[in-house]
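Structure first, commentary second.
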Amino acid sequence: MVLQHCKTFTKIMEQEKVPTIPLVTQTLYDMEQDMKAIVEYDDTDEVARDFCSLLMAKLFSERFPKYGTGNELNAFGNYLNPCCQGIHLKLVNKFDETKVKMEKRLDDWNKTNLEDTNEVTTESEETSEAKKLSPTELLRKQMEEKQQGKRKAGRSAVFDAPETALEKEMKRYEALPGADLGVDQLAWWKTNQDQFPLLAYLARVVFAVQAASSKSERVFSAAGNILTPMRSRLDPEKLEDLIIIKLNVKLLKEMGKWK
């Protein structure tokens with residue numbers, strides 16, 4: 001049961017068709033909560049309980065302290081994940097710090113190309129039906145109740161200067177109800193990019209980074225199968241084309257571009 005959680009985490013992180021950076025902190029938090037439940041369950045075997053406790057210490061204290069939010073991209077991904085909106089950052093007291101870093105990175109990444117955007121006001125109230133909540137959904141509900149009064153109080157105290165365009169977008173973004181877990185995050189940001197152009201730009205940059213090296217390792221493996229001793233004089237551009245076709249032939253077939 002314990003190793004199943006590790007397997008699930010690995011499978012989530014090695015996905016290729018969905019952004020994985022925004023899933024790191026959320027998945028680590030859910031994993032820790034599930035492991036705590038195993039340890040606290042009375043009928044858990046003693047060996048399994050000891051193994052789970054040791055694994056938790058290694059995983060969450062040494063390798064991924066604070067659910068991996070020490071990594072800037074993981075923190076950005078958690079904030080830009082419309083299902084979370086940074087609730088795990090609040091849990092580890094990194095919410096305001098992450099927002100300040102995002103403001104700086106926005107300037108660094110796109111100093112010359114980004115134009116000022118017009119403020120868009122939106123009001124959205126949705127209610128979700130009662131259901132069994134995951135650890136992240138429970139955390140989100142608790143944070144929403146805790147922050148309900150603060151949302152009406154105005155801008156965050158972390159910003160001393162007049163609000164920038166990004167700060168205004170952040171305020172509107174945080175006021176939205178969280179998206180359902182499992183939502184297509186790329187589609188969500190595409191739908192909302194006119195409302196949050198600066199945050200959508202950050203999402204495109206951050207989500208392009210994969211959390212695991214699985215994909216690059218597959219690319220090297222495919223290259224090794226193509227560039228053999230019998231085909232060692234392939235032109236680099238030709239080799240690159242063959243690798244791209246090899247790795248994307250299934251997708252091309254799905255798109256009707258390959259027969």
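The chains in the structure tokens are called A, B, ... from first to last as shown; in each chain the residues are counted from 1, and the ligands are counted from 1 in the order shown.
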
Do you know which residues are at most 9 Å from range 188-190 of chain A counting only C-alpha atoms, after dropping those on the same chain fewer than 5 positions away, and could you put them as a list in words? Pro82, Ala179, Val183, Phe196, Leu199, Ala200, Ala203 and Arg204 of chain A

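Counting only C-alpha atoms, the residue from A:Thr98, A:Gln193, A:Asn74, A:Ser134 that sits nearest to Asp30 in chain A is A:Ser134.
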
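Minimum atom-to-atom distance to Glu174 in chain A, evaluated using only C-alpha atoms, belongs to A:Cys83 out of A:Leu23, A:Cys83, A:Leu202, A:Met230.
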
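Ranking A:Leu227, A:Leu54, A:Val205, A:Leu59 by their shortest atom-to-atom distance to Gly77 in chain A, with only C-alpha atoms included, puts A:Val205 first.
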